[in-house]
file structure_33.cif (mmCIF, C-alpha atoms)
data_upload
loop_
_atom_site.group_PDB
_atom_site.id
_atom_site.type_symbol
_atom_site.label_atom_id
_atom_site.label_comp_id
_atom_site.auth_asym_id
_atom_site.auth_seq_id
_atom_site.Cartn_x
_atom_site.Cartn_y
_atom_site.Cartn_z
ATOM 1 C CA MET A 30 -21.489 -17.011 -11.116
ATOM 2 C CA SER A 31 -18.716 -15.519 -8.983
ATOM 3 C CA VAL A 32 -15.182 -14.169 -9.359
ATOM 4 C CA THR A 33 -12.449 -14.302 -6.709
ATOM 5 C CA ALA A 34 -9.475 -11.930 -6.736
ATOM 6 C CA LEU A 35 -6.390 -11.404 -4.588
ATOM 7 C CA ALA A 36 -4.910 -7.923 -4.124
ATOM 8 C CA PRO A 37 -1.438 -7.547 -2.591
ATOM 9 C CA ALA A 38 -0.165 -5.514 0.305
ATOM 10 C CA THR A 39 1.637 -2.295 -0.546
ATOM 11 C CA VAL A 40 4.380 -0.081 0.842
ATOM 12 C CA ALA A 41 3.256 3.503 0.283
ATOM 13 C CA ASN A 42 5.275 6.740 0.527
ATOM 14 C CA LEU A 43 8.512 4.739 0.026
ATOM 15 C CA GLY A 44 10.661 7.087 2.054
ATOM 16 C CA PRO A 45 10.368 10.644 0.725
ATOM 17 C CA GLY A 46 7.492 9.919 -1.683
ATOM 18 C CA PHE A 47 4.633 10.913 0.634
ATOM 19 C CA ASP A 48 1.306 10.106 -1.071
ATOM 20 C CA VAL A 49 3.009 9.809 -4.476
ATOM 21 C CA ILE A 50 5.048 6.555 -4.574
ATOM 22 C CA GLY A 51 3.965 3.009 -3.734
ATOM 23 C CA MET A 52 5.176 -0.556 -4.250
ATOM 24 C CA ALA A 53 3.347 -3.898 -4.343
ATOM 25 C CA ILE A 54 4.430 -6.670 -1.939
ATOM 26 C CA ASP A 55 4.104 -10.335 -2.866
ATOM 27 C CA GLY A 56 2.818 -13.120 -0.642
ATOM 28 C CA ILE A 57 0.311 -11.251 1.552
ATOM 29 C CA GLY A 58 -2.974 -9.595 0.646
ATOM 30 C CA ASP A 59 -6.771 -9.588 0.760
ATOM 31 C CA THR A 60 -9.089 -11.945 -1.108
ATOM 32 C CA VAL A 61 -12.549 -10.925 -2.311
ATOM 33 C CA THR A 62 -15.242 -13.024 -3.972
ATOM 34 C CA VAL A 63 -17.965 -11.115 -5.828
ATOM 35 C CA SER A 64 -21.145 -12.925 -6.863
ATOM 36 C CA HIS A 65 -24.337 -11.975 -8.656
ATOM 37 C CA SER A 66 -27.256 -11.376 -6.310
ATOM 38 C CA ALA A 67 -30.999 -11.160 -6.877
ATOM 39 C CA GLU A 68 -31.090 -8.325 -4.364
ATOM 40 C CA PRO A 69 -30.322 -4.900 -5.903
ATOM 41 C CA GLY A 70 -27.201 -3.026 -4.887
ATOM 42 C CA VAL A 71 -23.999 -4.202 -3.235
ATOM 43 C CA HIS A 72 -24.092 -6.249 -0.038
ATOM 44 C CA ILE A 73 -21.439 -7.695 2.281
ATOM 45 C CA ALA A 74 -22.251 -11.372 2.764
ATOM 46 C CA SER A 75 -19.280 -12.221 5.012
ATOM 47 C CA ILE A 76 -15.990 -10.934 6.372
ATOM 48 C CA ALA A 77 -13.302 -13.271 7.676
ATOM 49 C CA GLY A 78 -10.042 -12.474 9.433
ATOM 50 C CA ASP A 79 -10.972 -9.046 10.794
ATOM 51 C CA ASP A 80 -12.014 -10.081 14.326
ATOM 52 C CA GLY A 81 -15.386 -8.457 13.713
ATOM 53 C CA ARG A 82 -13.916 -4.969 13.407
ATOM 54 C CA LEU A 83 -14.878 -4.044 9.849
ATOM 55 C CA PRO A 84 -18.298 -2.567 9.032
ATOM 56 C CA THR A 85 -20.736 -4.628 6.983
ATOM 57 C CA ASP A 86 -22.557 -1.437 5.983
ATOM 58 C CA PRO A 87 -21.801 -1.176 2.230
ATOM 59 C CA ALA A 88 -21.519 2.596 2.535
ATOM 60 C CA LEU A 89 -18.603 2.251 4.980
ATOM 61 C CA ASN A 90 -16.745 -0.819 3.681
ATOM 62 C CA THR A 91 -14.055 -0.153 1.062
ATOM 63 C CA ALA A 92 -14.721 -3.414 -0.801
ATOM 64 C CA ALA A 93 -18.412 -2.594 -1.222
ATOM 65 C CA ILE A 94 -17.758 1.037 -2.131
ATOM 66 C CA ALA A 95 -15.193 0.046 -4.768
ATOM 67 C CA ALA A 96 -17.577 -2.528 -6.243
ATOM 68 C CA ALA A 97 -20.393 0.027 -6.452
ATOM 69 C CA GLU A 98 -18.093 2.657 -7.978
ATOM 70 C CA THR A 99 -16.843 0.115 -10.527
ATOM 71 C CA MET A 100 -20.404 -0.592 -11.640
ATOM 72 C CA LYS A 101 -21.018 3.132 -11.864
ATOM 73 C CA ALA A 102 -17.903 3.658 -14.003
ATOM 74 C CA ALA A 103 -18.936 0.782 -16.278
ATOM 75 C CA GLY A 104 -22.507 2.047 -16.571
ATOM 76 C CA ILE A 105 -23.890 -1.297 -15.395
ATOM 77 C CA GLU A 106 -26.315 -1.867 -12.525
ATOM 78 C CA THR A 107 -26.826 -5.282 -10.963
ATOM 79 C CA GLY A 108 -27.049 -6.911 -7.553
ATOM 80 C CA LEU A 109 -23.736 -7.998 -6.039
ATOM 81 C CA SER A 110 -22.779 -10.021 -2.981
ATOM 82 C CA ILE A 111 -19.274 -9.750 -1.499
ATOM 83 C CA ASP A 112 -17.297 -12.190 0.626
ATOM 84 C CA LEU A 113 -14.139 -10.602 2.023
ATOM 85 C CA GLU A 114 -11.206 -12.499 3.507
ATOM 86 C CA LYS A 115 -8.710 -10.248 5.255
ATOM 87 C CA GLY A 116 -5.145 -11.412 4.877
ATOM 88 C CA LEU A 117 -3.760 -8.060 6.006
ATOM 89 C CA PRO A 118 -3.965 -6.656 9.525
ATOM 90 C CA LEU A 119 -6.002 -3.491 9.972
ATOM 91 C CA CYS A 120 -4.232 -0.165 10.633
ATOM 92 C CA SER A 121 -0.879 -1.751 9.794
ATOM 93 C CA GLY A 122 0.565 0.548 7.130
ATOM 94 C CA LEU A 123 0.353 -2.196 4.497
ATOM 95 C CA GLY A 124 -2.558 -0.817 2.486
ATOM 96 C CA SER A 125 -5.196 -3.024 4.084
ATOM 97 C CA SER A 126 -8.216 -0.910 3.096
ATOM 98 C CA ALA A 127 -6.783 -0.410 -0.393
ATOM 99 C CA ALA A 128 -6.256 -4.149 -0.909
ATOM 100 C CA SER A 129 -9.907 -4.849 -0.084
ATOM 101 C CA ALA A 130 -11.034 -2.133 -2.491
ATOM 102 C CA VAL A 131 -8.742 -3.279 -5.295
ATOM 103 C CA ALA A 132 -9.692 -6.953 -5.018
ATOM 104 C CA ALA A 133 -13.391 -6.037 -5.022
ATOM 105 C CA ALA A 134 -13.115 -3.618 -7.965
ATOM 106 C CA PHE A 135 -11.125 -6.108 -10.029
ATOM 107 C CA ALA A 136 -13.458 -9.027 -9.255
ATOM 108 C CA THR A 137 -16.510 -6.876 -10.006
ATOM 109 C CA ASN A 138 -15.069 -5.779 -13.333
ATOM 110 C CA GLN A 139 -14.319 -9.390 -14.249
ATOM 111 C CA LEU A 140 -17.821 -10.471 -13.263
ATOM 112 C CA LEU A 141 -19.278 -7.755 -15.505
ATOM 113 C CA GLY A 142 -17.261 -8.960 -18.493
ATOM 114 C CA SER A 143 -14.211 -6.662 -18.047
ATOM 115 C CA PRO A 144 -15.615 -3.440 -19.548
ATOM 116 C CA LEU A 145 -12.884 -1.425 -17.768
ATOM 117 C CA ARG A 146 -9.093 -1.514 -17.912
ATOM 118 C CA LYS A 147 -7.052 -1.931 -14.726
ATOM 119 C CA LEU A 148 -6.102 1.733 -14.976
ATOM 120 C CA ASP A 149 -9.796 2.664 -15.030
ATOM 121 C CA LEU A 150 -10.266 0.930 -11.674
ATOM 122 C CA ILE A 151 -7.970 3.333 -9.827
ATOM 123 C CA GLY A 152 -10.720 5.960 -9.643
ATOM 124 C CA PRO A 153 -13.326 3.666 -8.048
ATOM 125 C CA CYS A 154 -10.730 2.433 -5.559
ATOM 126 C CA MET A 155 -9.701 5.979 -4.668
ATOM 127 C CA GLU A 156 -13.320 6.782 -3.884
ATOM 128 C CA ALA A 157 -13.387 3.813 -1.524
ATOM 129 C CA GLU A 158 -10.120 4.845 0.148
ATOM 130 C CA ALA A 159 -11.437 8.382 0.617
ATOM 131 C CA VAL A 160 -14.017 7.090 3.088
ATOM 132 C CA VAL A 161 -11.464 5.602 5.500
ATOM 133 C CA ALA A 162 -7.967 6.857 4.707
ATOM 134 C CA GLY A 163 -8.072 9.944 2.509
ATOM 135 C CA ARG A 164 -8.256 10.351 -1.247
ATOM 136 C CA HIS A 165 -4.879 9.179 -2.503
ATOM 137 C CA ALA A 166 -3.663 6.485 -4.881
ATOM 138 C CA ASP A 167 -0.228 5.404 -3.683
ATOM 139 C CA ASN A 168 -1.694 2.188 -2.248
ATOM 140 C CA VAL A 169 -4.424 1.362 -4.763
ATOM 141 C CA ALA A 170 -2.332 1.997 -7.891
ATOM 142 C CA PRO A 171 0.487 -0.472 -7.102
ATOM 143 C CA ALA A 172 -2.042 -2.967 -5.720
ATOM 144 C CA LEU A 173 -3.801 -2.853 -9.089
ATOM 145 C CA LEU A 174 -0.850 -2.519 -11.451
ATOM 146 C CA GLY A 175 1.941 -4.200 -9.503
ATOM 147 C CA GLY A 176 5.531 -3.025 -9.251
ATOM 148 C CA LEU A 177 6.576 0.489 -8.314
ATOM 149 C CA VAL A 178 4.234 3.340 -9.210
ATOM 150 C CA LEU A 179 4.539 7.126 -9.113
ATOM 151 C CA ILE A 180 1.317 9.097 -8.768
ATOM 152 C CA ARG A 181 2.023 12.351 -10.621
ATOM 153 C CA SER A 182 -1.555 13.562 -10.205
ATOM 154 C CA THR A 183 -4.900 12.288 -8.944
ATOM 155 C CA ASP A 184 -7.028 14.931 -10.676
ATOM 156 C CA PRO A 185 -6.666 14.295 -13.502
ATOM 157 C CA LEU A 186 -5.266 10.846 -12.819
ATOM 158 C CA ASP A 187 -1.708 10.418 -14.078
ATOM 159 C CA VAL A 188 0.364 7.437 -12.932
ATOM 160 C CA VAL A 189 3.854 6.395 -14.011
ATOM 161 C CA ARG A 190 5.304 2.888 -13.736
ATOM 162 C CA LEU A 191 8.894 3.083 -12.500
ATOM 163 C CA PRO A 192 11.552 0.483 -13.332
ATOM 164 C CA ILE A 193 12.889 -1.584 -10.444
ATOM 165 C CA PRO A 194 16.610 -2.366 -10.141
ATOM 166 C CA GLU A 195 17.351 -6.065 -10.642
ATOM 167 C CA GLY A 196 17.473 -8.141 -7.477
ATOM 168 C CA LEU A 197 16.014 -5.439 -5.252
ATOM 169 C CA THR A 198 14.269 -7.028 -2.259
ATOM 170 C CA VAL A 199 11.872 -5.580 0.300
ATOM 171 C CA VAL A 200 11.692 -6.331 4.011
ATOM 172 C CA VAL A 201 8.532 -5.382 5.887
ATOM 173 C CA VAL A 202 8.393 -5.619 9.675
ATOM 174 C CA THR A 203 4.966 -5.134 11.250
ATOM 175 C CA PRO A 204 4.668 -4.423 14.976
ATOM 176 C CA GLN A 205 1.547 -6.063 16.389
ATOM 177 C CA MET A 206 -0.307 -2.851 17.158
ATOM 178 C CA ASP A 207 -2.800 -0.516 15.478
ATOM 179 C CA LEU A 208 -1.831 2.876 14.135
ATOM 180 C CA PRO A 209 -4.877 4.428 12.420
ATOM 181 C CA THR A 210 -4.099 6.606 9.405
ATOM 182 C CA LYS A 211 -5.949 9.558 10.946
ATOM 183 C CA GLU A 212 -3.734 9.401 14.027
ATOM 184 C CA ALA A 213 -0.581 9.189 11.918
ATOM 185 C CA ARG A 214 -1.672 12.151 9.776
ATOM 186 C CA ALA A 215 -2.502 14.205 12.840
ATOM 187 C CA VAL A 216 1.177 14.490 13.825
ATOM 188 C CA LEU A 217 2.293 15.836 10.454
ATOM 189 C CA PRO A 218 3.340 19.487 10.302
ATOM 190 C CA ASP A 219 0.817 21.958 8.876
ATOM 191 C CA VAL A 220 3.629 23.996 7.341
ATOM 192 C CA VAL A 221 6.876 22.690 5.830
ATOM 193 C CA PRO A 222 9.824 25.118 5.761
ATOM 194 C CA LEU A 223 11.104 25.984 2.292
ATOM 195 C CA LYS A 224 14.508 24.412 2.952
ATOM 196 C CA MET A 225 12.856 21.141 3.996
ATOM 197 C CA MET A 226 10.558 21.179 0.959
ATOM 198 C CA VAL A 227 13.558 21.593 -1.341
ATOM 199 C CA ALA A 228 15.329 18.679 0.342
ATOM 200 C CA ALA A 229 12.249 16.435 0.022
ATOM 201 C CA THR A 230 11.799 17.328 -3.654
ATOM 202 C CA ALA A 231 15.451 16.527 -4.353
ATOM 203 C CA GLN A 232 15.076 13.151 -2.623
ATOM 204 C CA VAL A 233 12.057 12.151 -4.731
ATOM 205 C CA ALA A 234 13.803 13.248 -7.929
ATOM 206 C CA SER A 235 16.960 11.286 -7.118
ATOM 207 C CA LEU A 236 14.878 8.237 -6.103
ATOM 208 C CA VAL A 237 13.226 8.214 -9.527
ATOM 209 C CA SER A 238 16.605 8.720 -11.217
ATOM 210 C CA ALA A 239 18.075 5.790 -9.265
ATOM 211 C CA CYS A 240 15.235 3.522 -10.387
ATOM 212 C CA TYR A 241 15.860 4.337 -14.044
ATOM 213 C CA SER A 242 19.646 4.077 -13.819
ATOM 214 C CA GLY A 243 19.747 1.072 -11.506
ATOM 215 C CA ASP A 244 22.201 2.973 -9.318
ATOM 216 C CA LEU A 245 21.812 1.342 -5.904
ATOM 217 C CA SER A 246 24.225 3.767 -4.260
ATOM 218 C CA LEU A 247 22.035 6.675 -5.367
ATOM 219 C CA LEU A 248 18.917 4.758 -4.329
ATOM 220 C CA SER A 249 20.395 4.288 -0.869
ATOM 221 C CA ARG A 250 21.038 8.023 -0.527
ATOM 222 C CA SER A 251 17.520 8.832 -1.792
ATOM 223 C CA LEU A 252 15.402 6.923 0.732
ATOM 224 C CA GLU A 253 15.804 9.282 3.675
ATOM 225 C CA ASP A 254 12.665 11.329 4.288
ATOM 226 C CA PRO A 255 13.216 14.760 5.901
ATOM 227 C CA VAL A 256 9.545 15.555 6.570
ATOM 228 C CA VAL A 257 7.085 12.757 7.358
ATOM 229 C CA THR A 258 9.215 10.025 8.901
ATOM 230 C CA PRO A 259 10.712 12.237 11.650
ATOM 231 C CA ALA A 260 7.190 13.343 12.608
ATOM 232 C CA ARG A 261 5.786 9.819 12.796
ATOM 233 C CA ILE A 262 8.603 7.581 13.981
ATOM 234 C CA GLY A 263 7.894 8.339 17.651
ATOM 235 C CA LEU A 264 4.474 6.698 17.295
ATOM 236 C CA ILE A 265 6.132 3.322 16.666
ATOM 237 C CA PRO A 266 7.780 1.566 19.659
ATOM 238 C CA GLY A 267 11.312 0.666 18.634
ATOM 239 C CA GLY A 268 10.867 2.427 15.311
ATOM 240 C CA GLU A 269 14.071 4.450 15.355
ATOM 241 C CA ALA A 270 16.047 1.462 16.594
ATOM 242 C CA ALA A 271 14.610 -0.740 13.839
ATOM 243 C CA LEU A 272 15.563 1.731 11.095
ATOM 244 C CA ALA A 273 19.077 1.967 12.531
ATOM 245 C CA ALA A 274 19.266 -1.836 12.731
ATOM 246 C CA ALA A 275 18.316 -2.104 9.065
ATOM 247 C CA LEU A 276 21.157 0.179 8.016
ATOM 248 C CA GLY A 277 23.525 -1.633 10.355
ATOM 249 C CA SER A 278 22.617 -4.918 8.665
ATOM 250 C CA GLY A 279 23.494 -3.614 5.219
ATOM 251 C CA ALA A 280 20.097 -2.455 3.944
ATOM 252 C CA LEU A 281 20.145 0.264 1.293
ATOM 253 C CA GLY A 282 17.674 2.282 3.307
ATOM 254 C CA ALA A 283 14.647 2.008 5.567
ATOM 255 C CA SER A 284 11.602 4.014 6.525
ATOM 256 C CA ILE A 285 7.947 3.781 7.578
ATOM 257 C CA SER A 286 5.541 1.829 5.371
ATOM 258 C CA GLY A 287 2.476 3.934 4.663
ATOM 259 C CA ALA A 288 1.160 5.509 7.855
ATOM 260 C CA GLY A 289 2.855 2.809 9.960
ATOM 261 C CA PRO A 290 3.387 1.034 12.231
ATOM 262 C CA SER A 291 4.949 -1.266 9.612
ATOM 263 C CA LEU A 292 8.527 -0.447 8.683
ATOM 264 C CA PHE A 293 10.256 -1.363 5.435
ATOM 265 C CA ALA A 294 13.813 -1.721 4.178
ATOM 266 C CA LEU A 295 15.174 -2.092 0.651
ATOM 267 C CA CYS A 296 17.996 -4.582 0.224
ATOM 268 C CA ARG A 297 20.367 -5.610 -2.554
ATOM 269 C CA SER A 298 19.458 -9.292 -2.355
ATOM 270 C CA GLU A 299 17.309 -11.840 -0.567
ATOM 271 C CA ARG A 300 20.309 -12.893 1.508
ATOM 272 C CA SER A 301 20.813 -9.345 2.750
ATOM 273 C CA ALA A 302 17.064 -9.061 3.348
ATOM 274 C CA ARG A 303 17.047 -12.071 5.678
ATOM 275 C CA SER A 304 19.616 -10.578 8.046
ATOM 276 C CA THR A 305 17.910 -7.184 7.867
ATOM 277 C CA ALA A 306 14.533 -8.709 8.736
ATOM 278 C CA LEU A 307 15.941 -10.410 11.823
ATOM 279 C CA ALA A 308 17.657 -7.240 13.010
ATOM 280 C CA MET A 309 14.588 -5.024 12.525
ATOM 281 C CA LYS A 310 12.245 -7.497 14.180
ATOM 282 C CA ALA A 311 14.560 -7.832 17.175
ATOM 283 C CA ALA A 312 14.808 -4.049 17.538
ATOM 284 C CA VAL A 313 11.034 -3.688 17.708
ATOM 285 C CA GLU A 314 10.579 -6.596 20.103
ATOM 286 C CA GLU A 315 13.259 -5.227 22.447
ATOM 287 C CA ASN A 316 10.812 -2.372 23.019
ATOM 288 C CA GLY A 317 8.088 -4.703 24.253
ATOM 289 C CA VAL A 318 6.031 -5.117 21.059
ATOM 290 C CA SER A 319 5.900 -8.395 19.129
ATOM 291 C CA ALA A 320 6.457 -8.104 15.381
ATOM 292 C CA ARG A 321 6.207 -10.073 12.168
ATOM 293 C CA ALA A 322 8.699 -9.921 9.307
ATOM 294 C CA HIS A 323 7.986 -10.500 5.626
ATOM 295 C CA ILE A 324 10.398 -10.596 2.673
ATOM 296 C CA SER A 325 9.347 -9.987 -0.916
ATOM 297 C CA PRO A 326 10.923 -9.266 -4.293
ATOM 298 C CA ALA A 327 10.471 -5.582 -5.112
ATOM 299 C CA ASN A 328 9.072 -6.349 -8.557
ATOM 300 C CA CYS A 329 5.716 -8.004 -7.814
ATOM 301 C CA PRO A 330 2.428 -8.476 -9.695
ATOM 302 C CA GLY A 331 -0.692 -6.549 -8.808
ATOM 303 C CA VAL A 332 -4.220 -7.862 -8.313
ATOM 304 C CA ARG A 333 -5.048 -11.171 -9.972
ATOM 305 C CA ARG A 334 -7.894 -13.572 -10.368
ATOM 306 C CA LEU A 335 -7.792 -16.801 -8.383
#
call {"tool": "encode", "arguments": {"input": "structure_33.cif", "output": "structure tokens"}}
result
Amino acid sequence: MSVTALAPATVANLGPGFDVIGMAIDGIGDTVTVSHSAEPGVHIASIAGDDGRLPTDPALNTAAIAAAETMKAAGIETGLSIDLEKGLPLCSGLGSSAASAVAAAFATNQLLGSPLRKLDLIGPCMEAEAVVAGRHADNVAPALLGGLVLIRSTDPLDVVRLPIPEGLTVVVVTPQMDLPTKEARAVLPDVVPLKMMVAATAQVASLVSACYSGDLSLLSRSLEDPVVTPARIGLIPGGEAALAAALGSGALGASISGAGPSLFALCRSERSARSTALAMKAAVEENGVSARAHISPANCPGVRRL
């Protein structure tokens, strides 16, 4: 018997919400098939779409770690075999490692008879993420639950589903380059001035308020990030130009997706998103880096069984 699951890409941080806000993206993600195995433990049987870059060592692969941690949380031990199909590019800022972990945890739970709720799978997925990208949940939580999620706390775990204004559409533009999370974190300031911290806190608060009120004007004013984005944008060729192009095309706001190099913009409609996607992609490519654009509704489902 086997179970196959698809986990979506995610936009983490969402402007000022560093490590605390994330959103699921429809149409792109990772697929994992988990099967019973006569051999004890968790094993990686195959990986497709990674150009041979991902480790098959189960102690270093997020899909295998999440599967093992899910069994541990459920109190069930059995042999598992994993086949991973990467639909997301590595080091892209789209939650690639989280998607693998989420799809594996969900498929494992289903294979075991669903002893755990989706919410219970966040912990196992966080343990997997900790190995490669740090212990945070702003990718794994929306990949599991779908929609827009606020991580109030990871210890103890406390997540809040945020409402999404009707018609809101996401543009994601991914430059064809790697930007490892460790490299992107290395440029962040060790100390944030009090004035900057106050500004960032106000932005997160107004972003949450805008989601509940559906006030797109407030949402637009709340997406600017005074701390992380200015530190990282220089790592992305054409990044500043792409964010400016998004605003010039009528987007509500734009910023870096996760650790980058992907960039995202929030738009009022799919029509607005199409022109924004073209403008952002062109801005990146004018700086000598090819890019791919993807458009998605902002209100998307999380992981699901195929």
call {"tool": "closest_residue", "arguments": {"input": "structure_33.cif", "among": "A:Pro222, A:Gly243, A:Pro69, A:Gly317", "to": "A:Gly267", "atoms": "all atoms listed in the file"}}
result
A:Gly317
call {"tool": "resolve_selection", "arguments": {"input": "structure_33.cif", "expression": "the PyMOL selection byres ((chain A and resi 261) around 12)", "output": "PyMOL selection string"}}
result
chain A and resi 208-218+254-260+262-266+268-269+284-292
call {"tool": "closest_residue", "arguments": {"input": "structure_33.cif", "among": "A:Val313, A:Leu113, A:Ala102, A:Ile76", "to": "A:Pro144", "atoms": "all atoms listed in the file"}}
result
A:Ala102
call {"tool": "axis_aligned_box", "arguments": {"input": "structure_33.cif", "around": "stretch 154-171 of chain A", "padding_each_side": "4 Å", "output": "lines of an AutoDock Vina configuration file"}}
result
center_x = -6.8
center_y = 4.9
center_z = -1.2
size_x = 22.5
size_y = 18.8
size_z = 21.4
call {"tool": "closest_residue", "arguments": {"input": "structure_33.cif", "among": "A:Glu114, A:Asp184, A:Glu156, A:Glu98", "to": "A:Thr33", "atoms": "all atoms listed in the file"}}
result
A:Glu114
call {"tool": "atom_distance", "arguments": {"input": "structure_33.cif", "atom1": "atom CA of A:Asp86", "atom2": "atom CA of A:Ile73"}}
result
7.4 Å
call {"tool": "decode", "arguments": {"input": "structure_33.cif", "residues": "stretch 289-301 of chain A", "atoms": "N, CA, C and O atoms", "output": "tab-separated table (two decimals), in the first residue's frame"}}
result
chain	number	residue	atom	x	y	z
A	289	GLY	N	14.39	34.40	-0.61
A	289	GLY	CA	14.74	34.76	-1.96
A	289	GLY	C	15.41	33.59	-2.69
A	289	GLY	O	15.64	32.54	-2.10
A	290	PRO	N	15.71	33.74	-3.96
A	290	PRO	CA	15.63	34.97	-4.75
A	290	PRO	C	14.25	35.29	-5.32
A	290	PRO	O	14.09	36.30	-5.99
A	291	SER	N	13.26	34.40	-5.07
A	291	SER	CA	11.92	34.69	-5.59
A	291	SER	C	11.39	35.99	-4.99
A	291	SER	O	11.68	36.33	-3.84
A	292	LEU	N	10.62	36.69	-5.79
A	292	LEU	CA	9.98	37.93	-5.38
A	292	LEU	C	8.48	37.75	-5.54
A	292	LEU	O	8.03	37.02	-6.42
A	293	PHE	N	7.69	38.39	-4.69
A	293	PHE	CA	6.24	38.27	-4.82
A	293	PHE	C	5.59	39.65	-4.86
A	293	PHE	O	6.17	40.64	-4.40
A	294	ALA	N	4.39	39.69	-5.41
A	294	ALA	CA	3.57	40.89	-5.37
A	294	ALA	C	2.13	40.48	-5.09
A	294	ALA	O	1.69	39.42	-5.54
A	295	LEU	N	1.41	41.30	-4.35
A	295	LEU	CA	-0.02	41.09	-4.13
A	295	LEU	C	-0.79	42.06	-5.00
A	295	LEU	O	-0.47	43.25	-5.06
A	296	CYS	N	-1.81	41.53	-5.67
A	296	CYS	CA	-2.57	42.33	-6.63
A	296	CYS	C	-4.07	42.23	-6.35
A	296	CYS	O	-4.54	41.26	-5.76
A	297	ARG	N	-4.81	43.23	-6.82
A	297	ARG	CA	-6.24	43.28	-6.59
A	297	ARG	C	-7.01	42.22	-7.38
A	297	ARG	O	-8.10	41.80	-6.98
A	298	SER	N	-6.47	41.81	-8.51
A	298	SER	CA	-7.19	40.90	-9.40
A	298	SER	C	-6.20	40.11	-10.25
A	298	SER	O	-5.01	40.45	-10.32
A	299	GLU	N	-6.71	39.10	-10.93
A	299	GLU	CA	-5.86	38.33	-11.83
A	299	GLU	C	-5.40	39.18	-13.01
A	299	GLU	O	-4.27	39.04	-13.47
A	300	ARG	N	-6.26	40.07	-13.46
A	300	ARG	CA	-5.88	40.94	-14.58
A	300	ARG	C	-4.69	41.82	-14.20
A	300	ARG	O	-3.73	41.96	-14.97
A	301	SER	N	-4.76	42.42	-13.03
A	301	SER	CA	-3.65	43.24	-12.55
A	301	SER	C	-2.40	42.39	-12.35
A	301	SER	O	-1.28	42.84	-12.65
